[in-house]
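See below for upload.cif, which holds mmCIF, C-alpha atoms.
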data_upload
loop_
_atom_site.label_atom_id
_atom_site.label_comp_id
_atom_site.auth_asym_id
_atom_site.auth_seq_id
_atom_site.Cartn_x
_atom_site.Cartn_y
_atom_site.Cartn_z
CA MET A 5 -28.56 -124.39 12.38
CA LEU A 6 -25.76 -124.41 9.83
CA LYS A 7 -23.90 -121.12 9.83
CA GLN A 8 -21.64 -120.47 6.92
CA LYS A 9 -19.19 -117.60 6.64
CA ARG A 10 -20.36 -115.75 3.60
CA PRO A 11 -19.03 -112.47 2.26
CA VAL A 12 -21.12 -109.46 3.28
CA PHE A 13 -20.90 -106.26 1.28
CA LEU A 14 -23.15 -103.51 2.55
CA ASN A 15 -21.39 -100.29 1.57
CA LEU A 16 -24.43 -98.16 0.82
CA TRP A 17 -22.39 -95.76 -1.34
CA GLN A 18 -21.21 -98.50 -3.65
CA ILE A 19 -24.18 -100.83 -3.88
CA GLN A 20 -26.20 -100.21 -7.00
CA PHE A 21 -29.91 -100.45 -6.29
CA PRO A 22 -32.40 -101.36 -9.01
CA VAL A 23 -35.01 -98.66 -9.67
CA THR A 24 -37.69 -100.78 -8.00
CA ALA A 25 -35.66 -100.73 -4.76
CA ILE A 26 -35.17 -96.97 -4.96
CA MET A 27 -38.90 -96.47 -5.49
CA SER A 28 -39.60 -98.76 -2.55
CA ILE A 29 -37.23 -96.87 -0.23
CA MET A 30 -38.84 -93.59 -1.33
CA HIS A 31 -42.25 -95.12 -0.56
CA ARG A 32 -41.07 -95.78 3.00
CA LEU A 33 -39.36 -92.41 3.44
CA THR A 34 -42.38 -90.49 2.18
CA GLY A 35 -44.58 -92.60 4.45
CA VAL A 36 -42.56 -91.58 7.50
CA LEU A 37 -42.59 -87.94 6.37
CA LEU A 38 -46.38 -88.01 5.98
CA LEU A 39 -46.70 -89.60 9.42
CA LEU A 40 -44.77 -86.67 10.91
CA ALA A 41 -46.97 -84.18 9.04
CA ILE A 42 -50.22 -85.47 10.62
CA PRO A 43 -50.33 -83.00 13.58
CA PHE A 44 -49.75 -80.00 11.30
CA PHE A 45 -52.56 -81.17 9.06
CA ILE A 46 -54.99 -81.73 11.94
CA TYR A 47 -54.08 -78.35 13.45
CA ALA A 48 -54.73 -76.58 10.14
CA LEU A 49 -58.05 -78.40 9.73
CA GLN A 50 -59.13 -77.53 13.26
CA LEU A 51 -58.12 -73.88 12.85
CA SER A 52 -59.96 -73.62 9.54
CA LEU A 53 -63.19 -74.93 11.08
CA GLU A 54 -62.99 -72.93 14.32
CA SER A 55 -63.60 -69.39 13.16
CA GLU A 56 -63.42 -66.96 10.26
CA THR A 57 -60.10 -65.66 11.65
CA GLY A 58 -58.74 -69.18 11.94
CA PHE A 59 -59.80 -69.94 8.37
CA LYS A 60 -57.92 -66.87 7.12
CA ALA A 61 -54.95 -67.60 9.38
CA VAL A 62 -54.43 -70.95 7.64
CA PHE A 63 -54.16 -69.18 4.28
CA GLN A 64 -51.89 -66.47 5.68
CA PHE A 65 -49.68 -69.20 7.04
CA PHE A 66 -48.99 -70.27 3.45
CA ASP A 67 -47.71 -66.80 2.51
CA SER A 68 -44.28 -67.68 3.84
CA ALA A 69 -41.86 -69.07 1.24
CA VAL A 70 -40.44 -71.64 3.67
CA ILE A 71 -43.91 -73.02 4.38
CA LYS A 72 -44.66 -73.15 0.65
CA LEU A 73 -41.47 -75.12 0.08
CA GLY A 74 -42.40 -77.48 2.90
CA MET A 75 -45.85 -77.93 1.36
CA VAL A 76 -44.33 -78.76 -2.02
CA LEU A 77 -42.18 -81.41 -0.32
CA LEU A 78 -45.21 -82.85 1.47
CA ILE A 79 -47.40 -82.86 -1.64
CA TRP A 80 -44.61 -84.56 -3.57
CA SER A 81 -44.35 -87.10 -0.75
CA LEU A 82 -48.08 -87.72 -0.87
CA LEU A 83 -48.09 -88.11 -4.66
CA HIS A 84 -45.13 -90.48 -4.65
CA HIS A 85 -46.63 -92.48 -1.80
CA LEU A 86 -50.02 -92.71 -3.52
CA LEU A 87 -48.63 -93.69 -6.93
CA ALA A 88 -46.22 -96.23 -5.48
CA GLY A 89 -49.10 -97.52 -3.36
CA VAL A 90 -51.33 -97.99 -6.40
CA ARG A 91 -48.45 -99.87 -8.04
CA TYR A 92 -48.26 -102.17 -5.04
CA LEU A 93 -52.02 -102.75 -5.07
CA LEU A 94 -51.78 -103.70 -8.75
CA LEU A 95 -48.83 -106.00 -8.01
CA ASP A 96 -51.02 -107.67 -5.37
CA ILE A 97 -53.45 -108.67 -8.10
CA ASP A 98 -50.53 -109.80 -10.30
CA MET A 99 -50.59 -106.79 -12.60
CA GLY A 100 -47.16 -105.62 -13.76
CA ILE A 101 -45.47 -108.45 -11.93
CA GLU A 102 -42.97 -109.24 -14.74
CA ARG A 103 -39.50 -107.90 -13.98
CA GLN A 104 -39.32 -105.60 -17.00
CA GLN A 105 -42.83 -104.23 -16.42
CA ALA A 106 -42.07 -103.71 -12.73
CA LYS A 107 -39.03 -101.64 -13.67
CA VAL A 108 -40.99 -99.52 -16.12
CA THR A 109 -43.80 -98.86 -13.63
CA ALA A 110 -41.25 -97.95 -10.92
CA TRP A 111 -39.79 -95.30 -13.23
CA LEU A 112 -43.31 -94.22 -14.10
CA VAL A 113 -44.12 -93.71 -10.41
CA ILE A 114 -40.98 -91.67 -9.71
CA ILE A 115 -41.33 -89.48 -12.81
CA SER A 116 -45.10 -88.98 -12.53
CA ALA A 117 -44.83 -87.80 -8.92
CA PHE A 118 -42.29 -85.14 -9.96
CA VAL A 119 -44.27 -84.11 -13.04
CA LEU A 120 -47.53 -83.85 -11.09
CA VAL A 121 -45.98 -81.75 -8.33
CA LEU A 122 -44.42 -79.43 -10.95
CA LEU A 123 -47.79 -79.11 -12.69
CA LEU A 124 -49.43 -78.30 -9.36
CA VAL A 125 -46.80 -75.65 -8.57
CA GLY A 126 -47.33 -74.23 -12.06
CA VAL A 127 -51.10 -74.03 -11.59
CA CYS A 128 -50.81 -72.43 -8.14
CA LEU A 129 -48.24 -69.80 -9.13
CA MET B 13 -45.07 -109.05 18.83
CA SER B 14 -47.87 -110.90 17.13
CA GLY B 15 -51.44 -109.95 17.62
CA VAL B 16 -54.55 -108.84 15.84
CA LEU B 17 -52.57 -106.36 13.79
CA SER B 18 -49.95 -108.63 12.28
CA GLY B 19 -49.64 -111.14 9.49
CA LEU B 20 -52.54 -111.42 7.10
CA ASN B 21 -54.79 -109.14 9.18
CA ALA B 22 -52.26 -106.32 8.94
CA TRP B 23 -51.79 -106.96 5.25
CA VAL B 24 -55.53 -106.75 4.55
CA LEU B 25 -55.95 -103.69 6.79
CA GLN B 26 -53.07 -101.96 5.01
CA ARG B 27 -54.66 -102.53 1.60
CA ALA B 28 -58.24 -101.73 2.58
CA SER B 29 -57.25 -98.50 4.32
CA ALA B 30 -55.03 -97.61 1.35
CA VAL B 31 -57.99 -97.86 -1.02
CA TYR B 32 -60.17 -95.65 1.21
CA LEU B 33 -57.39 -93.08 1.67
CA LEU B 34 -56.75 -93.02 -2.07
CA LEU B 35 -60.43 -92.45 -2.90
CA PHE B 36 -60.77 -89.80 -0.19
CA ILE B 37 -57.65 -87.92 -1.30
CA ILE B 38 -58.95 -87.82 -4.87
CA ILE B 39 -62.63 -87.12 -4.16
CA MET B 40 -62.29 -84.58 -1.31
CA PRO B 41 -60.16 -81.94 -3.10
CA THR B 42 -62.15 -82.50 -6.32
CA SER B 43 -65.42 -81.84 -4.47
CA ILE B 44 -63.98 -78.69 -2.85
CA LEU B 45 -62.93 -77.38 -6.27
CA TYR B 46 -66.15 -78.47 -7.97
CA LEU B 47 -68.37 -76.87 -5.30
CA GLU B 48 -66.15 -73.76 -5.37
CA ILE B 49 -65.79 -73.66 -1.61
CA ASP B 50 -63.73 -70.55 -0.95
CA ASN B 51 -64.99 -69.05 2.29
CA PHE B 52 -65.31 -70.02 5.94
CA ASN B 53 -69.08 -70.55 6.08
CA ALA B 54 -69.21 -72.68 2.95
CA TRP B 55 -66.22 -74.69 4.16
CA LYS B 56 -67.64 -75.28 7.61
CA SER B 57 -71.11 -76.30 6.48
CA PHE B 58 -69.53 -78.55 3.84
CA VAL B 59 -67.14 -80.40 6.18
CA LEU B 60 -69.68 -80.68 8.97
CA SER B 61 -72.60 -81.88 6.89
CA PRO B 62 -73.27 -85.42 8.16
CA PHE B 63 -72.11 -87.36 5.11
CA VAL B 64 -68.88 -85.40 4.67
CA ALA B 65 -68.12 -85.40 8.41
CA VAL B 66 -68.46 -89.19 8.53
CA SER B 67 -66.18 -89.51 5.51
CA TRP B 68 -63.61 -87.35 7.36
CA ILE B 69 -63.91 -89.51 10.47
CA LEU B 70 -63.41 -92.64 8.35
CA PHE B 71 -60.44 -90.90 6.76
CA PHE B 72 -58.76 -90.42 10.13
CA VAL B 73 -59.54 -93.97 11.24
CA SER B 74 -58.08 -95.35 8.00
CA LEU B 75 -55.07 -93.07 8.38
CA LEU B 76 -54.45 -94.41 11.89
CA ALA B 77 -54.65 -98.05 10.75
CA HIS B 78 -52.59 -97.46 7.61
CA ALA B 79 -49.88 -95.44 9.35
CA TRP B 80 -49.61 -97.97 12.16
CA VAL B 81 -49.13 -101.02 9.91
CA GLY B 82 -46.68 -99.10 7.71
CA ILE B 83 -44.49 -97.63 10.44
CA ARG B 84 -44.56 -100.93 12.33
CA ASP B 85 -43.10 -102.68 9.26
CA VAL B 86 -40.42 -100.00 8.93
CA VAL B 87 -39.45 -100.15 12.62
CA ILE B 88 -39.34 -103.96 12.64
CA ASP B 89 -37.13 -103.95 9.53
CA TYR B 90 -34.55 -101.44 10.73
CA ILE B 91 -34.59 -101.46 14.54
CA HIS B 92 -33.30 -104.79 15.79
CA PRO B 93 -32.67 -104.48 19.56
CA PHE B 94 -35.93 -105.64 21.09
CA SER B 95 -36.08 -103.07 23.91
CA ILE B 96 -35.53 -100.06 21.62
CA ARG B 97 -38.06 -101.45 19.18
CA LEU B 98 -40.64 -101.89 21.93
CA VAL B 99 -40.14 -98.35 23.27
CA LEU B 100 -40.24 -96.84 19.79
CA LEU B 101 -43.37 -98.74 18.77
CA SER B 102 -45.08 -97.78 22.04
CA LEU B 103 -44.26 -94.10 21.51
CA ILE B 104 -45.52 -94.23 17.92
CA ALA B 105 -48.71 -95.97 19.04
CA LEU B 106 -49.30 -93.25 21.65
CA TYR B 107 -48.57 -90.55 19.05
CA LEU B 108 -51.05 -92.03 16.56
CA ILE B 109 -53.77 -92.60 19.14
CA ALA B 110 -53.33 -89.03 20.43
CA MET B 111 -53.58 -87.67 16.89
CA MET B 112 -56.76 -89.59 16.21
CA ILE B 113 -58.43 -88.53 19.47
CA TRP B 114 -57.54 -84.92 18.69
CA ALA B 115 -58.96 -85.11 15.17
CA LEU B 116 -62.11 -87.07 16.07
CA ARG B 117 -62.79 -84.91 19.12
CA PHE B 118 -63.06 -81.63 17.26
CA LEU B 119 -64.85 -83.19 14.30
CA LEU B 120 -67.49 -84.76 16.57
CA LEU B 121 -67.78 -81.65 18.74
CA HIS B 122 -68.38 -79.43 15.72
CA VAL B 123 -70.83 -81.82 14.10
CA GLY B 124 -73.02 -81.64 17.20
CA VAL B 125 -73.04 -77.84 17.15
CA GLY B 126 -73.81 -77.63 13.44
CA ALA B 127 -72.76 -75.04 10.93
#

Could you express the structure from this file as structure tokens?
Amino acid sequence: MLKQKRPVFLNLWQIQFPVTAIMSIMHRLTGVLLLLAIPFFIYALQLSLESETGFKAVFQFFDSAVIKLGMVLLIWSLLHHLLAGVRYLLLDIDMGIERQQAKVTAWLVIISAFVLVLLLVGVCL
Amino acid sequence: MSGVLSGLNAWVLQRASAVYLLLFIIIMPTSILYLEIDNFNAWKSFVLSPFVAVSWILFFVSLLAHAWVGIRDVVIDYIHPFSIRLVLLSLIALYLIAMMIWALRFLLLHVGVGA
């Protein structure tokens, strides 16, 4: 195979990523985060179905500010992951495939996830 | 590293599970709010009613499939040494299988007992 010496520039602090790439990286990061959250979710579900005390314990667990903050992070992750995922599903059927449209929808995903999580926090407070 | 869960199969599985997860994540919380489930007994009889319990089981199965295809892509993209990749993927597979057995076990156990 022909191997040419080509310049490689991979300084992550200086490369400018297009918004679609940033959204894509966030889709991956949030996916990993959600993967790590699975045992906590299953434990909470199990506890809530086990007994009256367990059910109440799950709610008491959310009294702590740190846990609430963690939940906000996870819900944001879920929202971003879902919205970006819907965008990918639409891309699969050739919707929003044009470069300009793809950029707009990437922004839409990022902004909507933040707006939705803020709305949710507002409703819950 | 090619098998049943790679290539087009993985691609289709990723999309199909994504659609189920999406629908579940929208419909489940909406139903809980709509039915005003706010206490233990209502919650338990809701989750463990046959239809809802099966939808939860399908949720966990979809989650397993979806998470596996996704994390496998991420590991293959960023972890290049073959041995580290193999160990990491094996650990993740064990983790996901353990999670699913845990979730399905208590769901199935409870369904048998009833609310």

Name the residues that the PyMOL selection byres ((chain A) within 12 of (chain B)) pulls out of this structure, and write them as a PyMOL selection string. chain A and resi 28-29+31-63+79+82-83+85-97

Counting only C-alpha atoms, the option among B:Tyr32, B:Phe58, B:Tyr46, B:Tyr90 closest to Val73 in chain B: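 Between B:Tyr32, B:Phe58, B:Tyr46, B:Tyr90, the residue approaching Val73 in chain B most closely is B:Tyr32.
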
Residue among B:Ile49, B:Val81, B:Ile44, B:Pro62 lying closest to Gly19 in chain B, counting only C-alpha atoms: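 Ranking B:Ile49, B:Val81, B:Ile44, B:Pro62 by distance to Gly19 in chain B, first place goes to B:Val81.
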
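Between CA of Trp68 in chain B and CA of Ser68 in chain A the interatomic distance comes to 27.8 Å.
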
Selection: 10 Å around Leu17 in chain B, all atoms listed in the file, excl. self and same-chain fewer than 3 positions, as a list of chain:residue names: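 Once the adjacent positions are removed, what remains is B:Met13, B:Ser14, B:Leu20, B:Asn21, B:Ala22, B:Trp23, B:Val24, B:Leu25, B:Gln26, B:Ala77, B:Trp80, B:Val81, B:Arg84.
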
What is the distance between CA of Lys72 in chain A and CA of Ile114 in chain A, in Å to one decimal? 21.5 Å

Straight-line distance linking CA of Ala69 in chain A with CA of Ala54 in chain B, stated in Å to one decimal: 27.6 Å

Picked residues, the PyMOL selection byres ((chain A and resi 106-109) around 9), as a PyMOL selection string: chain A and resi 22-24+88+91+95+100-105+110-114

Extract, using all atoms listed in the file, all DNA, RNA and protein residues at most 9 Å from range 63-67 of chain B, discarding same-chain residues fewer than 6 positions from it, and format them as a ChimeraX atom specification. /B:36,40,119-120,123

Surrounding residues of Cys128 in chain A excluding itself and chain neighbours under 6 positions, 12 Å, all atoms listed in the file, as a ChimeraX atom specification: /A:66,72,76,121-122
